[in-house]
file coords10.cif (mmCIF, C-alpha atoms)
data_model
loop_
_atom_site.label_atom_id
_atom_site.label_comp_id
_atom_site.auth_asym_id
_atom_site.auth_seq_id
_atom_site.Cartn_x
_atom_site.Cartn_y
_atom_site.Cartn_z
CA MET A 1357 55.67 151.58 122.69
CA THR A 1358 56.28 150.32 126.23
CA ILE A 1359 53.62 148.16 127.86
CA ALA A 1360 52.90 149.42 131.37
CA LEU A 1361 52.56 147.04 134.28
CA ASN A 1362 49.00 146.63 135.57
CA ALA A 1363 46.88 144.44 137.83
CA THR A 1364 47.48 141.36 135.67
CA HIS A 1365 51.19 141.46 136.61
CA ASP A 1366 50.64 141.76 140.38
CA PRO A 1367 52.99 139.25 142.09
CA LYS A 1368 50.39 138.72 144.82
CA LEU A 1369 47.72 137.61 142.34
CA ARG A 1370 46.66 133.98 142.76
CA SER A 1371 44.31 131.72 140.80
CA TRP A 1372 41.53 129.38 141.83
CA VAL A 1373 43.30 126.87 139.54
CA ALA A 1374 45.54 125.46 142.26
CA SER A 1375 48.35 124.26 139.97
CA ALA A 1376 48.87 127.84 138.75
CA ASN A 1377 50.03 128.80 142.25
CA GLU A 1378 52.69 126.11 142.56
CA ALA A 1379 56.32 127.22 142.70
CA GLY A 1380 58.16 126.72 139.44
CA THR A 1381 55.13 126.44 137.19
CA ASP A 1382 55.59 127.90 133.71
CA PHE A 1383 52.00 129.10 133.63
CA PRO A 1384 50.98 131.16 136.68
CA ILE A 1385 48.10 133.60 136.34
CA GLN A 1386 50.63 136.34 135.48
CA ASN A 1387 51.52 134.53 132.21
CA LEU A 1388 48.35 133.43 130.32
CA PRO A 1389 49.91 132.30 127.01
CA PHE A 1390 47.75 131.44 123.99
CA GLY A 1391 47.68 128.21 121.99
CA ARG A 1392 45.43 125.96 119.92
CA PHE A 1393 44.26 122.65 121.35
CA ARG A 1394 41.71 119.86 121.22
CA THR A 1395 41.03 116.76 123.30
CA ALA A 1396 43.72 114.18 122.54
CA GLY A 1397 42.51 111.34 120.34
CA SER A 1398 39.51 113.30 119.08
CA SER A 1399 38.71 114.66 115.64
CA GLU A 1400 37.48 117.97 117.05
CA ALA A 1401 38.48 121.23 115.43
CA PHE A 1402 41.33 122.99 117.18
CA ARG A 1403 40.20 125.87 119.38
CA ILE A 1404 41.88 128.74 121.20
CA GLY A 1405 43.05 128.13 124.73
CA VAL A 1406 45.09 129.81 127.44
CA ALA A 1407 47.47 127.85 129.67
CA ILE A 1408 46.84 128.19 133.40
CA GLY A 1409 48.88 125.92 135.65
CA ASP A 1410 48.55 122.37 134.27
CA GLN A 1411 45.21 123.19 132.64
CA VAL A 1412 44.08 124.91 129.45
CA LEU A 1413 41.09 127.25 129.44
CA ASP A 1414 38.83 127.05 126.36
CA LEU A 1415 38.25 130.73 125.58
CA LYS A 1416 35.17 130.15 123.45
CA ALA A 1417 33.55 127.85 126.02
CA ALA A 1418 34.26 130.46 128.68
CA GLY A 1419 32.48 133.10 126.58
CA LEU A 1420 35.61 135.18 126.10
CA VAL A 1421 35.88 134.94 122.30
CA ASP A 1422 33.48 134.01 119.51
CA THR A 1423 36.04 132.51 117.13
CA ASP A 1424 38.41 129.57 116.77
CA ASP A 1425 40.64 131.63 114.47
CA MET A 1426 43.81 132.51 116.40
CA ASN A 1427 45.04 134.76 113.59
CA ALA A 1428 41.92 136.90 113.87
CA LEU A 1429 42.53 137.28 117.60
CA MET A 1430 46.19 138.12 116.99
CA GLY A 1431 45.22 140.85 114.55
CA ALA A 1432 43.25 142.77 117.17
CA SER A 1433 44.40 146.14 118.46
CA VAL A 1434 46.67 146.39 121.48
CA LYS A 1435 43.76 147.88 123.44
CA ASP A 1436 41.51 144.91 122.64
CA ARG A 1437 44.30 142.42 123.41
CA GLN A 1438 44.92 144.01 126.79
CA ALA A 1439 41.20 144.04 127.55
CA LEU A 1440 41.00 140.30 126.80
CA ARG A 1441 44.00 139.62 129.02
CA ALA A 1442 42.41 141.61 131.85
CA ALA A 1443 39.14 139.65 131.50
CA ILE A 1444 40.94 136.29 131.53
CA SER A 1445 43.01 137.30 134.53
CA ALA A 1446 40.01 138.55 136.51
CA GLY A 1447 38.02 135.41 135.77
CA LEU A 1448 40.83 133.07 136.81
CA ALA A 1449 41.72 134.99 139.97
CA GLU A 1450 40.91 133.68 143.43
CA GLY A 1451 37.44 134.77 144.50
CA SER A 1452 36.17 135.25 140.94
CA ASP A 1453 32.48 134.62 140.32
CA LYS A 1454 33.50 132.87 137.08
CA GLN A 1455 34.97 129.83 138.86
CA ALA A 1456 31.88 127.62 138.70
CA ALA A 1457 31.23 128.29 135.01
CA TRP A 1458 34.83 128.35 133.83
CA SER A 1459 35.73 125.14 135.65
CA LYS A 1460 33.69 123.38 132.95
CA ALA A 1461 35.83 125.05 130.26
CA LEU A 1462 39.11 123.61 131.59
CA LEU A 1463 40.97 120.63 130.14
CA ALA A 1464 44.10 119.11 131.67
CA GLN A 1465 47.07 119.79 129.42
CA ALA A 1466 47.99 116.10 129.78
CA LYS A 1467 44.73 115.28 127.96
CA ALA A 1468 45.14 117.93 125.26
CA GLU A 1469 46.62 117.70 121.78
CA MET A 1470 48.39 120.88 120.75
CA THR A 1471 49.09 122.16 117.27
CA VAL A 1472 51.08 125.04 115.76
CA PRO A 1473 49.66 128.01 117.67
CA CYS A 1474 48.48 129.92 114.60
CA ARG A 1475 48.45 129.78 110.80
CA ILE A 1476 51.90 130.86 109.67
CA GLY A 1477 51.68 132.46 106.26
CA ASP A 1478 55.26 133.65 105.96
CA TYR A 1479 58.45 132.87 107.84
CA THR A 1480 61.59 135.00 107.94
CA ASP A 1481 64.68 133.84 109.79
CA PHE A 1482 67.10 136.46 111.07
CA TYR A 1483 70.66 136.21 112.35
CA THR A 1484 70.63 138.33 115.51
CA GLY A 1485 72.93 136.17 117.67
CA ILE A 1486 76.28 137.94 117.44
CA HIS A 1487 78.23 135.35 119.45
CA HIS A 1488 76.83 132.58 117.24
CA ALA A 1489 77.67 134.55 114.10
CA THR A 1490 81.20 135.21 115.36
CA THR A 1491 81.91 131.61 116.38
CA ILE A 1492 80.53 130.16 113.15
CA GLY A 1493 82.34 132.84 111.15
CA LYS A 1494 85.67 131.92 112.75
CA LEU A 1495 85.27 128.33 111.54
CA PHE A 1496 85.04 129.49 107.93
CA ARG A 1497 86.73 132.91 107.91
CA PRO A 1498 89.27 133.14 110.76
CA ASP A 1499 90.46 136.55 109.59
CA GLN A 1500 86.96 138.02 109.18
CA PRO A 1501 84.35 136.17 111.30
CA LEU A 1502 81.66 138.82 110.79
CA MET A 1503 80.77 140.14 107.37
CA PRO A 1504 81.07 143.95 107.01
CA ASN A 1505 77.28 144.46 107.04
CA TYR A 1506 76.53 142.48 110.22
CA LYS A 1507 76.63 145.35 112.72
CA TRP A 1508 74.74 147.71 110.42
CA VAL A 1509 71.74 145.77 109.15
CA PRO A 1510 69.59 142.90 110.51
CA ILE A 1511 70.51 139.93 108.31
CA GLY A 1512 67.67 137.62 107.32
CA TYR A 1513 66.29 135.27 104.70
CA HIS A 1514 62.86 133.90 103.84
CA GLY A 1515 62.27 130.36 105.10
CA ARG A 1516 59.76 127.59 104.49
CA ALA A 1517 56.48 127.82 106.46
CA SER A 1518 54.88 124.54 105.37
CA SER A 1519 57.32 122.33 107.31
CA ILE A 1520 56.93 124.17 110.63
CA GLY A 1521 55.59 121.80 113.27
CA VAL A 1522 54.69 121.89 116.93
CA SER A 1523 56.65 120.50 119.89
CA GLY A 1524 56.87 116.73 119.67
CA GLN A 1525 57.58 116.86 115.93
CA VAL A 1526 59.30 113.78 114.53
CA PHE A 1527 61.07 114.25 111.21
CA LYS A 1528 63.20 112.26 108.81
CA ARG A 1529 66.87 112.99 108.48
CA PRO A 1530 67.27 115.39 105.55
CA GLN A 1531 69.01 114.40 102.35
CA GLY A 1532 70.83 116.42 99.75
CA GLN A 1533 74.13 117.14 98.10
CA THR A 1534 77.35 117.46 100.07
CA LYS A 1535 80.93 117.93 98.96
CA ALA A 1536 83.96 116.92 100.97
CA PRO A 1537 86.90 119.36 100.79
CA ASP A 1538 89.07 116.77 99.04
CA ALA A 1539 86.36 115.45 96.70
CA ALA A 1540 86.32 116.31 93.01
CA GLU A 1541 82.52 116.34 92.85
CA PRO A 1542 79.56 116.30 95.25
CA SER A 1543 77.66 113.23 96.40
CA PHE A 1544 74.03 112.70 97.40
CA GLY A 1545 72.82 111.18 100.65
CA PRO A 1546 71.60 111.81 104.20
CA SER A 1547 73.06 114.66 106.21
CA LYS A 1548 75.87 113.59 108.53
CA ARG A 1549 76.06 116.94 110.34
CA LEU A 1550 72.51 117.48 111.55
CA ASP A 1551 72.22 120.26 114.12
CA TYR A 1552 69.72 122.29 116.11
CA GLU A 1553 69.44 126.06 116.44
CA LEU A 1554 68.17 127.66 119.63
CA GLU A 1555 65.92 130.55 118.66
CA LEU A 1556 62.97 132.64 119.70
CA GLY A 1557 60.05 132.98 117.34
CA PHE A 1558 58.38 136.40 117.20
CA LEU A 1559 54.77 136.18 115.99
CA VAL A 1560 53.21 139.16 114.26
CA GLY A 1561 49.89 140.51 115.51
CA ARG A 1562 48.30 143.40 113.64
CA GLY A 1563 49.76 143.71 110.15
CA ASN A 1564 50.53 146.68 107.94
CA ALA A 1565 49.32 147.69 104.51
CA LEU A 1566 51.55 147.08 101.51
CA GLY A 1567 53.75 150.12 101.01
CA GLU A 1568 53.36 151.43 104.57
CA PRO A 1569 56.47 150.87 106.75
CA ILE A 1570 56.21 150.36 110.50
CA ALA A 1571 58.19 152.94 112.48
CA ILE A 1572 60.48 151.67 115.24
CA GLY A 1573 58.43 153.41 117.95
CA GLU A 1574 55.29 151.57 116.83
CA ALA A 1575 56.83 148.20 115.99
CA GLU A 1576 55.83 146.36 119.15
CA GLU A 1577 52.18 147.27 118.57
CA HIS A 1578 52.47 144.79 115.69
CA LEU A 1579 54.10 142.03 117.76
CA PHE A 1580 51.71 139.57 119.44
CA GLY A 1581 54.15 137.39 121.34
CA VAL A 1582 57.04 134.98 121.57
CA THR A 1583 57.54 131.22 121.23
CA LEU A 1584 60.52 128.89 121.40
CA LEU A 1585 61.84 127.90 117.98
CA ASN A 1586 64.22 125.13 116.93
CA ASP A 1587 65.30 125.80 113.37
CA TRP A 1588 67.00 122.48 112.57
CA SER A 1589 70.00 122.75 110.30
CA ALA A 1590 71.87 120.31 108.08
CA ARG A 1591 75.31 121.88 108.26
CA ASP A 1592 76.95 119.79 105.54
CA LEU A 1593 74.16 120.44 103.04
CA GLN A 1594 74.28 124.13 103.86
CA ALA A 1595 78.04 124.43 103.39
CA TRP A 1596 77.72 123.25 99.78
CA GLU A 1597 74.48 124.91 98.72
CA TYR A 1598 74.32 128.27 100.50
CA GLN A 1599 76.40 130.34 98.07
CA PRO A 1600 75.24 132.59 96.52
CA LEU A 1601 71.59 132.61 97.63
CA GLY A 1602 71.61 131.10 101.12
CA PRO A 1603 70.33 127.88 102.73
CA PHE A 1604 67.72 125.76 100.95
CA LEU A 1605 67.48 122.01 101.62
CA ALA A 1606 69.60 122.56 104.73
CA LYS A 1607 66.67 124.35 106.37
CA ASN A 1608 63.39 123.53 104.64
CA PHE A 1609 62.84 120.02 106.05
CA ALA A 1610 61.65 121.01 109.56
CA SER A 1611 61.36 123.82 112.08
CA THR A 1612 59.67 123.24 115.45
CA LEU A 1613 57.72 125.68 117.62
CA SER A 1614 56.58 125.48 121.21
CA PRO A 1615 52.77 125.30 121.45
CA TRP A 1616 52.27 128.44 123.56
CA ILE A 1617 52.61 132.09 122.55
CA VAL A 1618 53.74 134.16 125.52
CA THR A 1619 52.34 137.61 124.87
CA MET A 1620 54.26 140.86 124.94
CA GLU A 1621 51.93 141.93 127.77
CA ALA A 1622 53.07 138.95 129.89
CA LEU A 1623 56.71 139.81 129.18
CA ALA A 1624 56.36 143.43 130.32
CA PRO A 1625 58.08 142.83 133.70
CA PHE A 1626 61.04 141.19 131.97
CA ARG A 1627 62.29 143.91 129.65
CA ALA A 1628 65.90 145.09 129.62
CA LYS A 1629 67.97 147.90 128.21
CA PHE A 1630 69.26 147.48 124.67
CA GLU A 1631 72.81 148.78 124.67
CA ARG A 1632 75.47 148.45 121.99
CA PRO A 1633 79.15 148.49 122.93
CA ALA A 1634 80.41 152.06 122.61
CA GLU A 1635 82.97 151.02 119.98
CA ASP A 1636 80.30 149.41 117.76
CA PRO A 1637 78.25 151.25 115.12
CA GLN A 1638 75.02 152.57 116.61
CA PRO A 1639 71.77 151.73 114.79
CA LEU A 1640 70.82 153.96 111.89
CA PRO A 1641 68.05 156.45 112.80
CA TYR A 1642 65.21 154.35 111.36
CA LEU A 1643 66.28 151.49 113.68
CA ASP A 1644 66.69 153.63 116.76
CA ALA A 1645 64.25 155.01 119.34
CA PRO A 1646 64.46 155.94 123.04
CA SER A 1647 61.92 153.22 123.92
CA ASN A 1648 64.01 150.60 122.14
CA ARG A 1649 67.18 151.63 123.93
CA GLU A 1650 65.44 151.78 127.30
CA ALA A 1651 63.56 148.46 127.19
CA GLY A 1652 63.88 146.84 123.77
CA ALA A 1653 65.57 143.66 124.97
CA LEU A 1654 63.88 140.61 126.48
CA ASP A 1655 65.33 138.97 129.60
CA ILE A 1656 64.71 135.27 128.94
CA THR A 1657 66.79 132.33 130.15
CA LEU A 1658 67.12 129.56 127.57
CA GLU A 1659 68.19 125.95 128.09
CA VAL A 1660 68.99 123.12 125.68
CA LEU A 1661 68.76 119.44 126.64
CA LEU A 1662 69.48 116.23 124.74
CA GLN A 1663 68.11 112.71 125.21
CA THR A 1664 69.46 109.90 123.05
CA ALA A 1665 67.47 106.80 122.13
CA LYS A 1666 69.58 104.80 124.60
CA MET A 1667 68.97 107.31 127.39
CA ARG A 1668 65.24 107.11 126.70
CA ALA A 1669 65.29 103.29 126.75
CA ASP A 1670 67.24 103.29 130.02
CA GLY A 1671 64.91 105.81 131.65
CA ILE A 1672 67.55 108.56 131.79
CA ALA A 1673 66.19 112.10 131.66
CA PRO A 1674 67.44 114.55 129.03
CA ALA A 1675 70.85 116.04 129.87
CA ARG A 1676 71.33 119.79 129.79
CA LEU A 1677 73.87 120.93 127.22
CA THR A 1678 73.72 124.70 127.65
CA ARG A 1679 72.01 127.57 129.43
CA GLY A 1680 72.17 131.25 128.48
CA ASN A 1681 70.23 134.51 128.41
CA THR A 1682 68.82 136.49 125.51
CA THR A 1683 70.13 139.82 126.81
CA GLU A 1684 73.68 138.67 126.10
CA ALA A 1685 72.87 136.91 122.84
CA ALA A 1686 70.80 139.17 120.59
CA TYR A 1687 72.40 142.03 118.65
CA TRP A 1688 69.04 143.28 117.34
CA THR A 1689 65.66 143.62 119.07
CA ALA A 1690 62.32 142.29 117.89
CA ALA A 1691 61.15 145.85 117.20
CA GLN A 1692 64.14 146.44 114.95
CA LEU A 1693 63.38 143.25 113.01
CA ILE A 1694 59.80 144.35 112.35
CA THR A 1695 60.87 147.84 111.36
CA HIS A 1696 63.61 146.65 109.02
CA HIS A 1697 61.35 144.00 107.48
CA THR A 1698 58.77 146.64 106.55
CA VAL A 1699 60.97 149.65 105.78
CA ASN A 1700 60.68 149.00 102.05
CA GLY A 1701 56.90 148.61 102.27
CA CYS A 1702 56.72 144.84 102.82
CA ASN A 1703 53.36 143.94 104.36
CA LEU A 1704 53.39 141.68 107.43
CA GLN A 1705 50.24 139.77 108.35
CA PRO A 1706 48.85 138.27 111.58
CA GLY A 1707 50.65 135.01 112.30
CA ASP A 1708 53.81 135.76 110.32
CA LEU A 1709 56.84 134.28 112.07
CA LEU A 1710 60.18 136.03 112.53
CA GLY A 1711 62.97 133.80 113.82
CA SER A 1712 65.61 135.45 115.97
CA GLY A 1713 68.45 133.34 114.64
CA THR A 1714 70.61 131.20 116.93
CA LEU A 1715 70.91 132.78 120.38
CA SER A 1716 74.30 131.94 121.85
CA GLY A 1717 75.97 133.63 124.78
CA PRO A 1718 79.63 134.61 125.01
CA LYS A 1719 80.65 131.47 126.96
CA PRO A 1720 81.06 127.95 125.53
CA ASP A 1721 78.32 126.56 127.80
CA GLU A 1722 75.90 129.15 126.38
CA ALA A 1723 76.16 127.98 122.77
CA GLY A 1724 72.94 127.61 120.80
CA SER A 1725 74.08 124.83 118.45
CA LEU A 1726 76.23 121.71 118.30
CA MET A 1727 78.29 123.37 115.57
CA GLU A 1728 79.57 125.75 118.23
CA LEU A 1729 79.70 123.30 121.13
CA THR A 1730 81.84 120.84 119.17
CA LEU A 1731 83.89 123.43 117.25
CA GLY A 1732 82.56 122.27 113.92
CA GLY A 1733 82.57 118.58 114.89
CA LYS A 1734 86.21 118.53 116.03
CA GLN A 1735 85.52 118.14 119.74
CA ALA A 1736 82.80 115.66 120.79
CA ILE A 1737 80.67 116.26 123.86
CA THR A 1738 80.24 113.43 126.36
CA LEU A 1739 76.78 112.78 127.81
CA PRO A 1740 76.18 111.52 131.38
CA ASN A 1741 75.81 107.90 130.21
CA GLY A 1742 79.11 108.01 128.32
CA GLU A 1743 77.68 108.46 124.82
CA LYS A 1744 79.38 111.06 122.66
CA ARG A 1745 77.97 113.47 120.12
CA THR A 1746 79.38 115.85 117.54
CA PHE A 1747 76.08 116.15 115.67
CA LEU A 1748 72.61 114.64 116.10
CA GLU A 1749 72.09 110.95 115.51
CA ASP A 1750 68.93 109.01 114.67
CA GLY A 1751 66.65 108.67 117.68
CA ASP A 1752 67.99 111.79 119.42
CA THR A 1753 65.42 114.09 121.01
CA LEU A 1754 66.35 117.72 121.48
CA VAL A 1755 64.50 119.80 124.10
CA MET A 1756 64.56 123.58 124.54
CA ARG A 1757 63.10 125.44 127.51
CA GLY A 1758 62.70 129.10 128.33
CA TYR A 1759 61.64 131.11 131.35
CA CYS A 1760 61.82 134.60 132.88
CA GLU A 1761 62.85 135.34 136.45
CA ARG A 1762 63.34 138.69 138.12
CA ALA A 1763 63.12 140.09 141.64
CA GLY A 1764 59.70 141.56 142.31
CA ALA A 1765 57.98 139.54 139.57
CA VAL A 1766 56.47 136.07 139.38
CA ARG A 1767 58.46 133.59 137.29
CA ILE A 1768 56.82 132.79 133.96
CA GLY A 1769 57.80 130.16 131.41
CA LEU A 1770 57.66 129.68 127.67
CA GLY A 1771 57.10 125.95 128.12
CA GLU A 1772 59.29 123.71 126.03
CA VAL A 1773 59.82 122.63 122.44
CA SER A 1774 61.02 119.13 121.60
CA GLY A 1775 61.75 117.29 118.38
CA THR A 1776 63.09 113.90 117.44
CA VAL A 1777 65.23 112.71 114.52
CA ALA A 1778 63.48 109.63 113.14
CA GLY A 1779 66.24 108.50 110.80
#
call {"tool": "encode", "arguments": {"input": "coords10.cif", "output": "structure tokens"}}
result
Amino acid sequence: MTIALNATHDPKLRSWVASANEAGTDFPIQNLPFGRFRTAGSSEAFRIGVAIGDQVLDLKAAGLVDTDDMNALMGASVKDRQALRAAISAGLAEGSDKQAAWSKALLAQAKAEMTVPCRIGDYTDFYTGIHHATTIGKLFRPDQPLMPNYKWVPIGYHGRASSIGVSGQVFKRPQGQTKAPDAAEPSFGPSKRLDYELELGFLVGRGNALGEPIAIGEAEEHLFGVTLLNDWSARDLQAWEYQPLGPFLAKNFASTLSPWIVTMEALAPFRAKFERPAEDPQPLPYLDAPSNREAGALDITLEVLLQTAKMRADGIAPARLTRGNTTEAAYWTAAQLITHHTVNGCNLQPGDLLGSGTLSGPKPDEAGSLMELTLGGKQAITLPNGEKRTFLEDGDTLVMRGYCERAGAVRIGLGEVSGTVAG
């Protein structure tokens, strides 16, 4: 399925919310991402909102929905989702007769408390970043960086949903067993090689019945939208525990999402061809479709920034570590992940989260983790204030940002996701 461009994507469209028309905003009227919010400092129930400029529109107060259940909204049909987007867009557009009424349904984002954008029942993390997989593989298997199955099947594992938090999450440094190469036995203690992983989170919309696979041509009908995802990783814990069943304590302590879900409808102007190198295996038939080859990829620029506790105390803004693009990073598309996940009859449900895996580009300054940037901790990076890092230290705040830019379309953003290591 390919989402056609319509009036909601018109680059000339402007909003009566003035901040939505400012250059560089993440949330122009062409975006309209969904999230859950309440007034900061209140004990109100979280309700569904849409970001517009520096404001958030309360959909229930505006008479657009009759529920506070984001998962119920996500489970609607594509037709109903597109109708809701069209209604929101028309009501927020300059000259709309909704301005007087909807102005009362706005809250400044600076006065809002955000939470995880939906209930996440299940979380599956994939490994679609081929440059990340190759670089990490070289550190452990110089003669065979990629395992034989990598180019044939989307690799994934089931993660922990209960520890997923929203941007601004503060978490304790994980603890577990590690084993030094020259040690006779493992020891227990805090991770000394704490890392981030730059990912996209794909959130499922309409689910499928148990036993009924989702065909590749229909997969995106079951995809509601995209968030930024930082899947924190304790590299030293993982190195000791991951064989034979994969990561456990190295991953279950925290994962952080951005608060806004940018819908597949909003991303329609920013699709790209999905093309494998001619010398690589082409996807098996169940993972292949003309629509996926023609426009299965997402064209999203991703940035990673770091602010240490000292930088924060000295008033120094976060320093950018890397910038890359998803079209060069991902070896599998979101549609392929959904199709492969359900090919054996597994039932996805509204709000299920699929992580893309670390999205690194082919160049060193496009790496999606410190493990890559520092070559496994062998080569420290130097920050603008002279501090050095091989892995994250207590008090460090990691920030990820994403946005889409293309000629003939209005720039839209995914916002940002931040998290801080408490110690």
call {"tool": "resolve_selection", "arguments": {"input": "coords10.cif", "expression": "the PyMOL selection byres ((chain A and resi 1646-1654) around 10)", "output": "PyMOL selection string"}}
result
chain A and resi 1357-1359+1572-1576+1620+1623-1632+1643-1645+1655-1657+1681-1684+1686-1692+1760
call {"tool": "resolve_selection", "arguments": {"input": "coords10.cif", "expression": "the PyMOL selection byres ((chain A and resi 1596-1612) around 6)", "output": "compact mmCIF listing (two decimals) with C-alpha atoms, in the frame of the given file"}}
result
# COMPACT_ATOMS: atom_id res chain seq x y z
CA ARG A 1516 59.76 127.59 104.49
CA SER A 1519 57.32 122.33 107.31
CA ILE A 1520 56.93 124.17 110.63
CA GLY A 1521 55.59 121.80 113.27
CA VAL A 1522 54.69 121.89 116.93
CA THR A 1534 77.35 117.46 100.07
CA LEU A 1585 61.84 127.90 117.98
CA ASN A 1586 64.22 125.13 116.93
CA ASP A 1587 65.30 125.80 113.37
CA TRP A 1588 67.00 122.48 112.57
CA SER A 1589 70.00 122.75 110.30
CA ALA A 1590 71.87 120.31 108.08
CA LEU A 1593 74.16 120.44 103.04
CA GLN A 1594 74.28 124.13 103.86
CA ALA A 1595 78.04 124.43 103.39
CA LEU A 1613 57.72 125.68 117.62
call {"tool": "atom_distance", "arguments": {"input": "coords10.cif", "atom1": "atom CA of A:Thr1484", "atom2": "atom CA of A:Glu1749"}}
result
27.4 Å
call {"tool": "closest_residue", "arguments": {"input": "coords10.cif", "among": "A:Asp1750, A:Asp1436, A:Glu1568, A:Glu1577", "to": "A:Pro1546", "atoms": "all atoms listed in the file"}}
result
A:Asp1750
call {"tool": "residues_around", "arguments": {"input": "coords10.cif", "residues": "stretch 1444-1452 of chain A", "least_positions_apart": "5", "cutoff": "6 Å", "atoms": "all atoms listed in the file", "output": "JSON, numbers by chain"}}
result
{"A": [1370, 1371, 1372]}
call {"tool": "write_last_selection", "arguments": {"input": "coords10.cif", "atoms": "C-alpha atoms", "output": "PDB file, keeping the file's coordinate frame"}}
result
ATOM      1  CA  ARG A1370      46.660 133.980 142.760  1.00  0.00           C
ATOM      2  CA  SER A1371      44.310 131.720 140.800  1.00  0.00           C
ATOM      3  CA  TRP A1372      41.530 129.380 141.830  1.00  0.00           C
TER       4      TRP A1372
END
call {"tool": "decode", "arguments": {"input": "coords10.cif", "residues": "stretch 1689-1694 of chain A", "atoms": "all heavy atoms", "output": "PDB file, in the first residue's frame"}}
result
ATOM      1  N   THR A1689      12.890  -2.956   5.419  1.00  0.00           N
ATOM      2  CA  THR A1689      11.878  -1.920   5.596  1.00  0.00           C
ATOM      3  C   THR A1689      10.915  -2.288   6.719  1.00  0.00           C
ATOM      4  O   THR A1689      10.828  -3.453   7.142  1.00  0.00           O
ATOM      5  CB  THR A1689      11.063  -1.715   4.312  1.00  0.00           C
ATOM      6  OG1 THR A1689      10.253  -2.880   4.074  1.00  0.00           O
ATOM      7  CG2 THR A1689      11.975  -1.475   3.107  1.00  0.00           C
ATOM      8  N   ALA A1690      10.149  -1.292   7.161  1.00  0.00           N
ATOM      9  CA  ALA A1690       9.157  -1.540   8.205  1.00  0.00           C
ATOM     10  C   ALA A1690       8.121  -2.562   7.751  1.00  0.00           C
ATOM     11  O   ALA A1690       7.684  -3.420   8.529  1.00  0.00           O
ATOM     12  CB  ALA A1690       8.479  -0.226   8.591  1.00  0.00           C
ATOM     13  N   ALA A1691       7.724  -2.492   6.474  1.00  0.00           N
ATOM     14  CA  ALA A1691       6.751  -3.455   5.957  1.00  0.00           C
ATOM     15  C   ALA A1691       7.293  -4.878   6.030  1.00  0.00           C
ATOM     16  O   ALA A1691       6.573  -5.820   6.369  1.00  0.00           O
ATOM     17  CB  ALA A1691       6.383  -3.091   4.523  1.00  0.00           C
ATOM     18  N   GLN A1692       8.560  -5.040   5.718  1.00  0.00           N
ATOM     19  CA  GLN A1692       9.165  -6.373   5.788  1.00  0.00           C
ATOM     20  C   GLN A1692       9.211  -6.889   7.222  1.00  0.00           C
ATOM     21  O   GLN A1692       9.036  -8.091   7.468  1.00  0.00           O
ATOM     22  CB  GLN A1692      10.566  -6.336   5.187  1.00  0.00           C
ATOM     23  CG  GLN A1692      10.562  -6.180   3.674  1.00  0.00           C
ATOM     24  CD  GLN A1692      11.948  -5.966   3.104  1.00  0.00           C
ATOM     25  OE1 GLN A1692      12.770  -5.251   3.682  1.00  0.00           O
ATOM     26  NE2 GLN A1692      12.223  -6.576   1.956  1.00  0.00           N
ATOM     27  N   LEU A1693       9.428  -5.999   8.180  1.00  0.00           N
ATOM     28  CA  LEU A1693       9.455  -6.424   9.580  1.00  0.00           C
ATOM     29  C   LEU A1693       8.080  -6.928  10.015  1.00  0.00           C
ATOM     30  O   LEU A1693       7.970  -7.952  10.703  1.00  0.00           O
ATOM     31  CB  LEU A1693       9.901  -5.277  10.480  1.00  0.00           C
ATOM     32  CG  LEU A1693      11.274  -4.659  10.188  1.00  0.00           C
ATOM     33  CD1 LEU A1693      11.641  -3.649  11.276  1.00  0.00           C
ATOM     34  CD2 LEU A1693      12.353  -5.726  10.056  1.00  0.00           C
ATOM     35  N   ILE A1694       7.030  -6.212   9.630  1.00  0.00           N
ATOM     36  CA  ILE A1694       5.682  -6.631   9.998  1.00  0.00           C
ATOM     37  C   ILE A1694       5.329  -7.957   9.339  1.00  0.00           C
ATOM     38  O   ILE A1694       4.791  -8.874   9.972  1.00  0.00           O
ATOM     39  CB  ILE A1694       4.673  -5.533   9.623  1.00  0.00           C
ATOM     40  CG1 ILE A1694       4.817  -4.355  10.591  1.00  0.00           C
ATOM     41  CG2 ILE A1694       3.245  -6.061   9.630  1.00  0.00           C
ATOM     42  CD1 ILE A1694       3.959  -3.166  10.265  1.00  0.00           C
TER      43      ILE A1694
END
